[in-house]
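What follows is entry_27.csv (CSV, C-alpha atoms).
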chain,number,residue,atom,x,y,z
A,12,MET,CA,0.0,56.9,44.7
A,13,LEU,CA,2.4,56.8,41.7
A,14,LYS,CA,4.3,54.0,43.3
A,15,LYS,CA,1.1,52.0,43.8
A,16,GLU,CA,0.2,52.4,40.1
A,17,LYS,CA,3.7,51.3,39.0
A,18,ARG,CA,3.5,48.3,41.3
A,19,ARG,CA,0.0,47.4,40.0
A,20,ILE,CA,1.2,47.6,36.4
A,21,THR,CA,4.2,45.5,37.2
A,22,VAL,CA,2.0,42.8,38.8
A,23,LEU,CA,-0.4,42.9,35.8
A,24,LEU,CA,2.5,42.5,33.3
A,25,LEU,CA,4.0,39.6,35.4
A,26,LEU,CA,0.6,37.9,35.5
A,27,LEU,CA,0.1,38.4,31.7
A,28,TYR,CA,3.6,36.9,31.1
A,29,LEU,CA,2.9,33.9,33.3
A,30,TRP,CA,-0.5,33.4,31.7
A,31,SER,CA,1.0,33.5,28.2
A,32,GLY,CA,3.5,30.9,29.2
A,33,ILE,CA,0.8,28.6,30.6
A,34,TYR,CA,-1.2,29.1,27.4
A,35,VAL,CA,1.7,28.2,25.2
A,36,CYS,CA,2.4,25.1,27.2
A,37,ALA,CA,-1.2,24.1,27.1
A,38,ALA,CA,-1.4,24.6,23.4
A,39,SER,CA,1.6,22.4,22.9
A,40,ILE,CA,-0.1,19.7,24.9
A,41,TRP,CA,-3.4,19.8,23.2
A,42,THR,CA,-2.2,20.4,19.6
A,43,PRO,CA,1.1,18.5,19.4
A,44,MET,CA,1.8,19.2,15.7
A,45,THR,CA,5.5,18.4,15.7
A,46,ALA,CA,7.5,20.0,12.9
A,47,TYR,CA,10.0,17.6,11.4
A,48,ALA,CA,12.7,18.7,9.1
A,49,ALA,CA,12.3,17.4,5.5
A,50,PRO,CA,14.9,14.7,4.6
A,51,GLU,CA,17.8,15.8,2.5
A,52,VAL,CA,18.5,13.6,-0.5
A,53,SER,CA,20.1,13.9,-3.9
A,54,ALA,CA,17.1,12.6,-5.9
A,55,PRO,CA,14.9,15.4,-7.3
A,56,SER,CA,11.7,13.3,-7.1
A,57,TYR,CA,10.8,11.0,-4.2
A,58,VAL,CA,7.9,9.8,-2.1
A,59,VAL,CA,7.5,7.8,1.1
A,60,MET,CA,4.3,5.9,1.6
A,61,GLU,CA,2.9,3.7,4.4
A,62,ALA,CA,1.6,0.5,2.7
A,63,SER,CA,-1.5,-0.5,4.7
A,64,THR,CA,-3.1,3.0,4.6
A,65,GLY,CA,-1.6,4.4,1.4
A,66,GLN,CA,-0.8,7.6,3.3
A,67,ILE,CA,2.1,9.7,2.0
A,68,ILE,CA,4.5,10.6,4.8
A,69,CYS,CA,6.7,12.9,2.7
A,70,GLU,CA,7.3,13.8,-0.9
A,71,GLN,CA,9.1,16.0,-3.3
A,72,ASP,CA,8.1,16.7,-6.9
A,73,ALA,CA,6.3,13.4,-6.7
A,74,GLU,CA,3.9,13.9,-9.6
A,75,ARG,CA,6.5,15.0,-12.2
A,76,ARG,CA,6.6,12.6,-15.2
A,77,ARG,CA,9.9,10.9,-15.5
A,78,SER,CA,11.4,8.0,-17.4
A,79,PRO,CA,11.2,4.9,-15.1
A,80,ALA,CA,13.8,2.5,-16.6
A,81,SER,CA,13.4,-1.0,-15.1
A,82,ILE,CA,11.0,0.0,-12.3
A,83,THR,CA,8.6,-0.4,-15.2
A,84,LYS,CA,8.7,-4.1,-14.2
A,85,ILE,CA,6.7,-3.4,-11.1
A,86,MET,CA,3.7,-3.0,-13.4
A,87,THR,CA,4.8,-6.0,-15.4
A,88,LEU,CA,4.9,-8.1,-12.2
A,89,LEU,CA,1.5,-6.8,-11.1
A,90,VAL,CA,-0.1,-7.9,-14.4
A,91,ILE,CA,1.6,-11.3,-14.1
A,92,PHE,CA,0.3,-11.8,-10.5
A,93,ASP,CA,-3.2,-10.6,-11.6
A,94,HIS,CA,-3.2,-13.4,-14.2
A,95,LEU,CA,-2.0,-15.9,-11.6
A,96,GLN,CA,-4.7,-15.0,-9.2
A,97,LYS,CA,-7.4,-15.4,-11.9
A,98,GLY,CA,-6.0,-18.9,-12.7
A,99,ARG,CA,-5.2,-18.0,-16.3
A,100,ILE,CA,-1.5,-19.0,-15.8
A,101,HIS,CA,0.3,-21.1,-13.2
A,102,LEU,CA,3.8,-21.0,-11.7
A,103,GLU,CA,4.7,-24.4,-13.2
A,104,ASP,CA,3.8,-23.4,-16.7
A,105,GLN,CA,6.6,-23.6,-19.3
A,106,VAL,CA,7.5,-20.3,-20.9
A,107,ILE,CA,9.4,-20.5,-24.2
A,108,THR,CA,11.8,-17.7,-25.1
A,109,SER,CA,11.3,-16.2,-28.6
A,110,ALA,CA,14.0,-14.8,-30.8
A,111,TYR,CA,12.7,-11.3,-30.1
A,112,ALA,CA,12.8,-11.9,-26.3
A,113,LYS,CA,16.4,-13.2,-26.6
A,114,SER,CA,17.4,-10.0,-28.5
A,115,MET,CA,16.7,-7.7,-25.6
A,116,GLY,CA,19.7,-5.8,-24.4
A,117,GLY,CA,20.4,-4.2,-21.0
A,118,SER,CA,19.9,-6.4,-18.0
A,119,GLN,CA,19.4,-10.0,-19.0
A,120,VAL,CA,19.7,-13.5,-17.9
A,121,PHE,CA,20.9,-14.7,-21.3
A,122,LEU,CA,17.9,-16.9,-22.3
A,123,GLU,CA,18.3,-18.7,-25.6
A,124,GLU,CA,15.8,-18.9,-28.4
A,125,GLY,CA,13.5,-21.9,-27.8
A,126,GLU,CA,14.7,-22.2,-24.1
A,127,ARG,CA,12.0,-23.3,-21.7
A,128,GLN,CA,11.7,-22.1,-18.1
A,129,THR,CA,8.9,-22.3,-15.6
A,130,LEU,CA,7.0,-19.1,-15.0
A,131,ASP,CA,8.2,-19.3,-11.4
A,132,THR,CA,11.8,-19.2,-12.6
A,133,MET,CA,11.0,-16.3,-15.0
A,134,ILE,CA,9.5,-14.3,-12.2
A,135,LYS,CA,12.8,-14.8,-10.3
A,136,CYS,CA,14.7,-13.6,-13.4
A,137,ILE,CA,12.5,-10.5,-13.6
A,138,THR,CA,12.5,-9.6,-9.9
A,139,VAL,CA,16.0,-10.5,-8.8
A,140,ALA,CA,18.1,-9.9,-11.9
A,141,SER,CA,15.8,-7.5,-13.8
A,142,GLY,CA,16.0,-9.7,-16.8
A,143,ASN,CA,14.6,-7.9,-19.9
A,144,ASP,CA,14.6,-11.1,-21.9
A,145,ALA,CA,12.6,-12.8,-19.2
A,146,SER,CA,10.1,-9.9,-19.1
A,147,VAL,CA,9.4,-10.0,-22.8
A,148,ALA,CA,9.2,-13.8,-22.8
A,149,VAL,CA,6.5,-13.8,-20.1
A,150,ALA,CA,4.7,-10.9,-21.8
A,151,GLU,CA,4.5,-12.9,-25.0
A,152,TYR,CA,3.3,-16.0,-23.1
A,153,ILE,CA,0.5,-14.1,-21.4
A,154,ALA,CA,-0.7,-11.8,-24.2
A,155,GLY,CA,0.7,-13.2,-27.4
A,156,SER,CA,3.0,-10.2,-27.9
A,157,GLU,CA,4.7,-7.5,-26.0
A,158,VAL,CA,2.5,-4.9,-27.6
A,159,GLU,CA,-0.6,-6.6,-26.4
A,160,PHE,CA,0.8,-7.1,-22.9
A,161,VAL,CA,1.7,-3.4,-22.7
A,162,LYS,CA,-2.0,-2.6,-23.4
A,163,LEU,CA,-2.8,-4.7,-20.2
A,164,MET,CA,-0.2,-2.6,-18.3
A,165,ASN,CA,-1.7,0.7,-19.4
A,166,ALA,CA,-5.2,-0.6,-18.6
A,167,LYS,CA,-4.1,-1.6,-15.1
A,168,ALA,CA,-2.5,1.8,-14.7
A,169,GLU,CA,-5.8,3.5,-15.6
A,170,SER,CA,-7.7,1.3,-13.2
A,171,LEU,CA,-5.4,2.4,-10.4
A,172,GLY,CA,-5.9,6.0,-11.3
A,173,LEU,CA,-2.3,6.6,-12.3
A,174,GLU,CA,-2.7,9.9,-14.2
A,175,ASN,CA,1.0,10.4,-14.8
A,176,THR,CA,1.8,6.9,-16.2
A,177,HIS,CA,2.0,5.5,-19.7
A,178,PHE,CA,4.0,2.5,-20.9
A,179,GLU,CA,5.6,1.7,-24.2
A,180,ASP,CA,7.3,-1.6,-23.3
A,181,CYS,CA,7.3,-4.1,-20.5
A,182,CYS,CA,10.8,-3.8,-19.3
A,183,GLY,CA,11.8,-0.1,-19.4
A,184,LEU,CA,14.5,-0.3,-22.0
A,185,THR,CA,12.8,2.3,-24.2
A,186,GLU,CA,13.8,6.0,-23.9
A,187,SER,CA,10.6,7.2,-25.6
A,188,ASP,CA,9.1,10.3,-24.2
A,189,ASN,CA,5.8,8.5,-24.2
A,190,HIS,CA,7.1,6.0,-21.6
A,191,TYR,CA,6.8,7.7,-18.3
A,192,THR,CA,5.6,7.5,-14.7
A,193,SER,CA,6.0,9.5,-11.5
A,194,ALA,CA,7.3,8.7,-8.0
A,195,LYS,CA,3.8,8.9,-6.6
A,196,ASP,CA,2.4,6.5,-9.3
A,197,VAL,CA,5.3,4.1,-8.7
A,198,ALA,CA,4.5,4.1,-5.0
A,199,ILE,CA,0.8,3.4,-5.7
A,200,MET,CA,1.6,0.5,-8.1
A,201,SER,CA,4.2,-0.9,-5.6
A,202,ARG,CA,1.6,-0.7,-2.8
A,203,GLU,CA,-0.9,-2.6,-5.0
A,204,LEU,CA,1.7,-5.3,-5.7
A,205,ILE,CA,2.9,-5.9,-2.2
A,206,THR,CA,-0.4,-5.7,-0.4
A,207,LYS,CA,-2.4,-7.7,-2.9
A,208,TYR,CA,0.3,-10.2,-3.6
A,209,PRO,CA,2.7,-10.4,-0.6
A,210,GLN,CA,4.2,-13.6,-2.2
A,211,ILE,CA,6.3,-11.1,-4.3
A,212,PHE,CA,8.5,-11.0,-1.2
A,213,ASN,CA,9.5,-14.6,-1.8
A,214,TYR,CA,11.2,-13.3,-5.0
A,215,SER,CA,12.3,-9.8,-4.1
A,216,GLY,CA,14.1,-11.0,-0.9
A,217,ILE,CA,16.4,-13.3,-2.9
A,218,TRP,CA,20.0,-12.1,-2.9
A,219,MET,CA,21.5,-14.8,-5.1
A,220,GLU,CA,20.2,-18.0,-6.6
A,221,ASP,CA,21.2,-20.4,-9.4
A,222,ILE,CA,19.0,-21.3,-12.3
A,223,GLU,CA,19.7,-23.8,-15.1
A,224,HIS,CA,19.8,-23.1,-18.8
A,225,GLN,CA,18.7,-26.1,-20.7
A,226,THR,CA,19.2,-25.7,-24.5
A,227,ASN,CA,20.3,-27.6,-27.5
A,228,GLN,CA,23.8,-26.8,-26.5
A,229,GLY,CA,23.4,-28.5,-23.2
A,230,THR,CA,22.8,-27.5,-19.6
A,231,SER,CA,24.6,-24.7,-17.8
A,232,THR,CA,24.2,-22.9,-14.5
A,233,PHE,CA,23.6,-19.2,-14.3
A,234,THR,CA,23.6,-17.2,-11.0
A,235,LEU,CA,20.9,-14.6,-10.5
A,236,SER,CA,22.3,-11.7,-8.4
A,237,SER,CA,20.0,-9.1,-7.0
A,238,THR,CA,20.2,-5.6,-8.3
A,239,ASN,CA,18.8,-4.3,-5.0
A,240,LYS,CA,21.8,-3.6,-2.8
A,241,LEU,CA,19.5,-2.5,0.0
A,242,LEU,CA,19.1,-6.2,0.8
A,243,LYS,CA,22.6,-6.1,2.3
A,244,GLN,CA,22.6,-2.4,3.3
A,245,TYR,CA,19.3,-2.0,5.2
A,246,GLU,CA,18.2,-4.7,7.6
A,247,TRP,CA,14.5,-4.2,7.2
A,248,THR,CA,14.5,-4.3,3.4
A,249,THR,CA,11.9,-6.6,1.7
A,250,GLY,CA,12.2,-5.4,-1.9
A,251,LEU,CA,11.4,-4.2,-4.5
A,252,LYS,CA,12.8,-3.0,-7.8
A,253,THR,CA,15.7,-1.0,-9.3
A,254,GLY,CA,16.1,0.7,-12.6
A,255,SER,CA,18.6,2.8,-14.6
A,256,THR,CA,19.1,4.2,-18.1
A,257,SER,CA,20.9,7.2,-19.4
A,258,LYS,CA,17.6,9.1,-19.6
A,259,ALA,CA,16.0,7.9,-16.4
A,260,LEU,CA,19.3,8.0,-14.4
A,261,TYR,CA,18.9,5.9,-11.2
A,262,CYS,CA,15.6,4.8,-9.8
A,263,LEU,CA,14.4,2.6,-7.0
A,264,SER,CA,11.2,1.5,-5.3
A,265,ALA,CA,12.3,0.3,-1.9
A,266,THR,CA,10.1,-1.6,0.5
A,267,ALA,CA,10.8,-2.3,4.1
A,268,ASN,CA,9.1,-3.8,7.1
A,269,LYS,CA,10.1,-2.6,10.6
A,270,ASP,CA,8.2,-3.7,13.7
A,271,GLY,CA,5.2,-4.6,11.5
A,272,MET,CA,5.1,-1.2,9.7
A,273,GLU,CA,5.6,-1.5,6.0
A,274,LEU,CA,7.0,1.5,4.1
A,275,ILE,CA,7.6,2.2,0.4
A,276,ALA,CA,10.3,4.7,-0.6
A,277,VAL,CA,10.5,5.7,-4.3
A,278,VAL,CA,13.5,7.5,-5.6
A,279,MET,CA,13.6,8.8,-9.2
A,280,ALA,CA,16.4,10.4,-11.2
A,281,ALA,CA,19.1,10.0,-8.6
A,282,PRO,CA,22.5,11.0,-10.0
A,283,ASP,CA,24.2,7.6,-9.4
A,284,GLY,CA,23.7,4.1,-8.2
A,285,LYS,CA,25.0,4.7,-4.7
A,286,SER,CA,23.0,7.8,-4.2
A,287,ARG,CA,19.7,6.1,-4.9
A,288,PHE,CA,20.3,3.5,-2.2
A,289,ALA,CA,21.6,6.1,0.3
A,290,ASP,CA,18.5,8.3,-0.5
A,291,ALA,CA,16.2,5.3,0.1
A,292,ILE,CA,17.8,4.6,3.5
A,293,THR,CA,17.5,8.3,4.5
A,294,LEU,CA,13.8,8.3,3.4
A,295,LEU,CA,12.9,5.1,5.1
A,296,ASN,CA,14.7,6.1,8.3
A,297,TYR,CA,12.8,9.4,8.2
A,298,GLY,CA,9.5,7.6,7.7
A,299,TYR,CA,10.0,5.3,10.6
A,300,SER,CA,11.2,8.1,12.9
A,301,VAL,CA,8.1,10.3,12.4
A,302,SER,CA,5.5,7.6,12.1
A,303,GLN,CA,3.5,5.5,14.6
A,304,MET,CA,0.8,3.1,13.6
A,305,TYR,CA,-2.5,2.5,15.4
A,306,THR,CA,-4.3,-0.8,14.5
A,307,ASP,CA,-7.6,-2.1,15.7
A,308,GLU,CA,-8.2,-5.6,14.4
A,309,ASN,CA,-11.9,-5.3,15.3
A,310,THR,CA,-12.3,-8.7,16.9
A,311,ASP,CA,-14.6,-7.6,19.7
A,312,ALA,CA,-18.2,-8.8,19.7
A,313,LEU,CA,-20.9,-6.6,18.3
A,314,PRO,CA,-24.5,-6.5,19.5
A,315,ALA,CA,-27.2,-8.1,17.4
A,316,GLN,CA,-29.3,-5.6,15.4
A,317,LYS,CA,-33.0,-5.4,15.7
A,318,VAL,CA,-34.9,-6.0,12.4
A,319,GLU,CA,-38.4,-4.8,11.8
A,320,GLY,CA,-40.6,-6.7,9.4
A,321,GLY,CA,-38.2,-9.5,8.9
A,322,VAL,CA,-38.4,-13.3,9.0
A,323,GLU,CA,-36.0,-13.0,11.9
A,324,GLU,CA,-36.1,-10.3,14.5
A,325,LEU,CA,-32.3,-10.0,15.0
A,326,VAL,CA,-29.3,-10.1,12.7
A,327,ASN,CA,-25.7,-10.5,13.8
A,328,LEU,CA,-23.2,-7.9,12.8
A,329,THR,CA,-19.5,-8.0,11.7
A,330,TYR,CA,-16.8,-5.4,11.0
A,331,GLU,CA,-15.8,-4.8,7.4
A,332,GLY,CA,-12.2,-5.2,8.5
A,333,ALA,CA,-9.4,-3.8,10.6
A,334,PHE,CA,-8.8,-0.1,11.2
A,335,HIS,CA,-5.3,1.4,10.5
A,336,TYR,CA,-4.3,5.0,11.3
A,337,LEU,CA,-0.9,6.4,10.7
A,338,ASP,CA,0.1,9.4,12.9
A,339,VAL,CA,3.0,11.6,11.8
A,340,ALA,CA,2.2,14.6,14.1
A,341,GLY,CA,3.4,13.2,17.4
A,342,ASN,CA,0.0,12.6,18.9
A,343,ASN,CA,-0.6,10.1,21.7
A,344,ILE,CA,-2.3,7.4,19.7
A,345,ASN,CA,-3.2,5.6,23.0
A,346,GLU,CA,-5.9,8.3,23.4
A,347,ILE,CA,-7.7,7.2,20.2
A,348,GLU,CA,-11.3,6.5,21.0
A,349,LYS,CA,-13.7,4.2,19.3
A,350,GLU,CA,-17.5,4.8,19.1
A,351,ILE,CA,-20.0,2.3,17.7
A,352,SER,CA,-22.8,4.0,15.7
A,353,LEU,CA,-25.9,1.8,15.0
A,354,PRO,CA,-29.5,2.6,14.4
A,355,ASP,CA,-32.2,1.5,16.9
A,356,MET,CA,-33.9,-0.6,14.2
A,357,ILE,CA,-33.5,-1.5,10.5
A,358,GLN,CA,-36.1,-2.5,8.0
A,359,ALA,CA,-36.2,-5.9,6.3
A,360,PRO,CA,-35.2,-7.1,3.8
A,361,VAL,CA,-31.5,-7.1,4.8
A,362,ALA,CA,-28.8,-8.5,2.5
A,363,GLU,CA,-25.6,-10.1,3.8
A,364,GLY,CA,-22.9,-7.4,3.7
A,365,ASP,CA,-25.2,-4.5,3.9
A,366,ALA,CA,-23.7,-1.5,5.8
A,367,ILE,CA,-25.7,-1.2,9.0
A,368,GLY,CA,-23.6,1.3,10.9
A,369,GLU,CA,-19.9,2.2,11.5
A,370,ALA,CA,-17.2,2.2,14.1
A,371,VAL,CA,-15.9,5.8,14.3
A,372,TYR,CA,-12.4,6.6,15.6
A,373,LYS,CA,-11.6,10.0,17.2
A,374,LEU,CA,-8.4,11.6,18.4
A,375,ASN,CA,-8.4,14.8,20.4
A,376,GLY,CA,-12.1,15.0,19.7
A,377,SER,CA,-11.7,14.9,15.9
A,378,ARG,CA,-12.8,12.1,13.6
A,379,ILE,CA,-9.8,10.3,12.1
A,380,GLY,CA,-11.5,7.4,10.3
A,381,SER,CA,-14.2,4.7,10.4
A,382,VAL,CA,-14.9,1.1,9.6
A,383,SER,CA,-18.3,0.0,8.3
A,384,ILE,CA,-20.3,-2.5,10.3
A,385,LEU,CA,-22.1,-5.0,8.1
A,386,ALA,CA,-24.9,-7.5,8.3
A,387,ALA,CA,-23.4,-11.0,8.8
A,388,LYS,CA,-26.3,-12.7,6.9
A,389,SER,CA,-29.4,-11.9,5.0
A,390,VAL,CA,-32.9,-11.5,6.6
A,391,GLU,CA,-35.9,-11.8,4.2
A,392,LYS,CA,-39.0,-9.7,4.6
A,393,ALA,CA,-41.7,-11.5,6.5
A,394,GLY,CA,-44.8,-12.5,4.7
A,395,TYR,CA,-48.3,-13.4,6.0
A,396,ARG,CA,-47.4,-17.0,6.9
A,397,ASP,CA,-44.3,-15.8,8.8
A,398,TYR,CA,-46.4,-13.5,11.0
A,399,LEU,CA,-48.8,-16.4,11.7
A,400,LYS,CA,-45.8,-18.6,12.6
A,401,LYS,CA,-44.5,-15.9,15.0
A,402,ILE,CA,-48.0,-15.5,16.7
A,403,TRP,CA,-48.2,-19.3,17.0
A,404,MET,CA,-44.7,-19.5,18.6
A,405,ARG,CA,-45.6,-16.8,21.1
A,406,PHE,CA,-48.8,-18.6,21.9
A,407,LEU,CA,-46.9,-21.8,22.6
A,408,VAL,CA,-44.4,-20.0,24.9
A,409,PHE,CA,-47.3,-18.6,27.0
Output the file's structure in the form of structure tokens.
Amino acid sequence: MLKKEKRRITVLLLLLYLWSGIYVCAASIWTPMTAYAAPEVSAPSYVVMEASTGQIICEQDAERRRSPASITKIMTLLVIFDHLQKGRIHLEDQVITSAYAKSMGGSQVFLEEGERQTLDTMIKCITVASGNDASVAVAEYIAGSEVEFVKLMNAKAESLGLENTHFEDCCGLTESDNHYTSAKDVAIMSRELITKYPQIFNYSGIWMEDIEHQTNQGTSTFTLSSTNKLLKQYEWTTGLKTGSTSKALYCLSATANKDGMELIAVVMAAPDGKSRFADAITLLNYGYSVSQMYTDENTDALPAQKVEGGVEELVNLTYEGAFHYLDVAGNNINEIEKEISLPDMIQAPVAEGDAIGEAVYKLNGSRIGSVSILAAKSVEKAGYRDYLKKIWMRFLVF
């Protein structure tokens, strides 16, 4: 009897062990939350962000306020491109260098007082060579003075919700405690620049290019040389901006595009120039290794929506845009499901662009995002004459 009890206990324990192993395996299949080791870098503050979604992949002390040095110019460039988009300035405009702009120290392209350069050339000087003189010259051209231009920069920062950012100049030379930003804020302003104005890559991808100085002393050639060494060190680099001062140490906002995935890696307060580039490569490689992007361009046809009480009985629908989802947990993104959610009927009037429903995306049964479905055109509310017309048309059909 005792032997039978021992045997029964042994069998039960064995079954329990096997069942536990099966449960663990099943859990790993259904909840594949892969744990990735955090990247090791020398910079105390960093962030890696995917550009299309704005999703942060990894970060460290990313909201600490730090001196930004010349990555200040990311905001300078953003304000410039905002003005270009609004038609207030043009690339062929002639920008004149003032005595004050000429007096800027640090990184410069040695513009002379009274020298004229096109805005296009000035943007190259700012983006490629980090020209402080060019930055101030353009700031004065747009706003009348650097002080007024900085107000535009701070207003833009506020509109983007950058709570840990405030500027005192347009180039980052100042070491004032009131001139600061954070790694996260730099990533946000970088994302705004590269997604809204991808033409910035026409400038940030330049390694070397000659410009001509035309002054009263004659014409001379000056070679712009990129401060972003990643252009030669990391094959997927597209930009964006470097910076360094004794207070800020070494900073970098690095952008890269690999297989259609665009990442932003921001490094602040790295101990030396080489470290900031090495850190950026480590962070970008980490980002690409743990990330996979799901994209639905939403080009499939949608059913027409029934309209009650309208001049027309149906209205065509359209998606608000594409859907992007970044997975960093090792899920199988091929299992993402899309569900169209629409009402049976909507009431007139309907305005073009009104949200009618949504496309809902789910992974492992959980909602991961959605895209609004909009009315493709307006439908007015039907009046007495419209109803008579409908009755008459139906009479003719019969």
**Report entry** Straight-line distance linking atom CA of A:Val52 with atom CA of A:Ile275, stated in Å to one decimal
**Finding:**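 The value is 15.8 Å.
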Query - Counting all atoms listed in the file, the residue of A:Lys195, A:Lys373, A:Lys243, A:Lys388 that sits nearest A:Cys69 - result: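 Going through A:Lys195, A:Lys373, A:Lys243, A:Lys388 one by one, the smallest distance to A:Cys69 is for A:Lys195.
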Query raised in the report: Pick the closest to A:Ser156 from A:Thr108, A:Ser56, A:Ser237, A:Gln210: which is it, counting all atoms listed in the file?
Result: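 Closest to A:Ser156 of all the choices is A:Thr108.
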Report task. Write out as a count of residues only the residues lying within 9 Å of stretch 84-100 of chain A, counting all atoms listed in the file and excluding same-chain residues fewer than 5 positions away. Result -> 30
Query raised in the report: Distance atom CA of A:Thr256-atom CA of A:Asn175, one decimal place?
Result: 19.4 Å
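Residue nearest A:Thr192, chosen from A:Ser302, A:Gln128, A:Ser81, A:Ser118 and counting all atoms listed in the file: A:Ser81.
The two atoms in question, atom CA of A:Ser377 and atom CA of A:Gly65, are spaced 20.6 Å apart.
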**Report entry** Point (9.9, -24.8, -20.7) neighbourhood (6 Å, only C-alpha atoms) written as an MDAnalysis selection string
**Finding:** chainID A and resid 105:107 127:129
Query raised in the report: Which residue gives the smallest distance to A:Val382 among A:Glu246, A:Glu151, A:Glu179, A:Glu331, with only C-alpha atoms counted?
Result: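 Answer, going by the shortest atom-to-atom distance: A:Glu331.
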Query raised in the report: Can you list, as number ranges by chain, every protein, DNA or RNA residue that comes within 9 Å of A:Ala110 when you count only C-alpha atoms, leaving out same-chain residues fewer than 6 positions away?
Result: A: 123-125
Query raised in the report: Within 6 Å of stretch 219-231 of chain A, counting only C-alpha atoms, which residues qualify if same-chain residues fewer than 4 places away don't, as a count of residues only?
Result: 3
Query - Selection: 9 Å around A:Gly116, all atoms listed in the file, excl. self and same-chain fewer than 2 positions, as a PyMOL selection string - result: chain A and resi 113-114+118-119+143-144+184
Query raised in the report: With distances taken over all atoms listed in the file, which of A:Ala259, A:Ala166, A:Val147, A:Val139 is nearest to A:Gly216?
Result: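 Residue with the minimum atom-to-atom distance to A:Gly216: A:Val139.
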Query raised in the report: Between A:Lys349, A:Lys258, A:Lys317, A:His101, which has the minimum distance to A:Ala281 (counting all atoms listed in the file)?
Result: A:Lys258
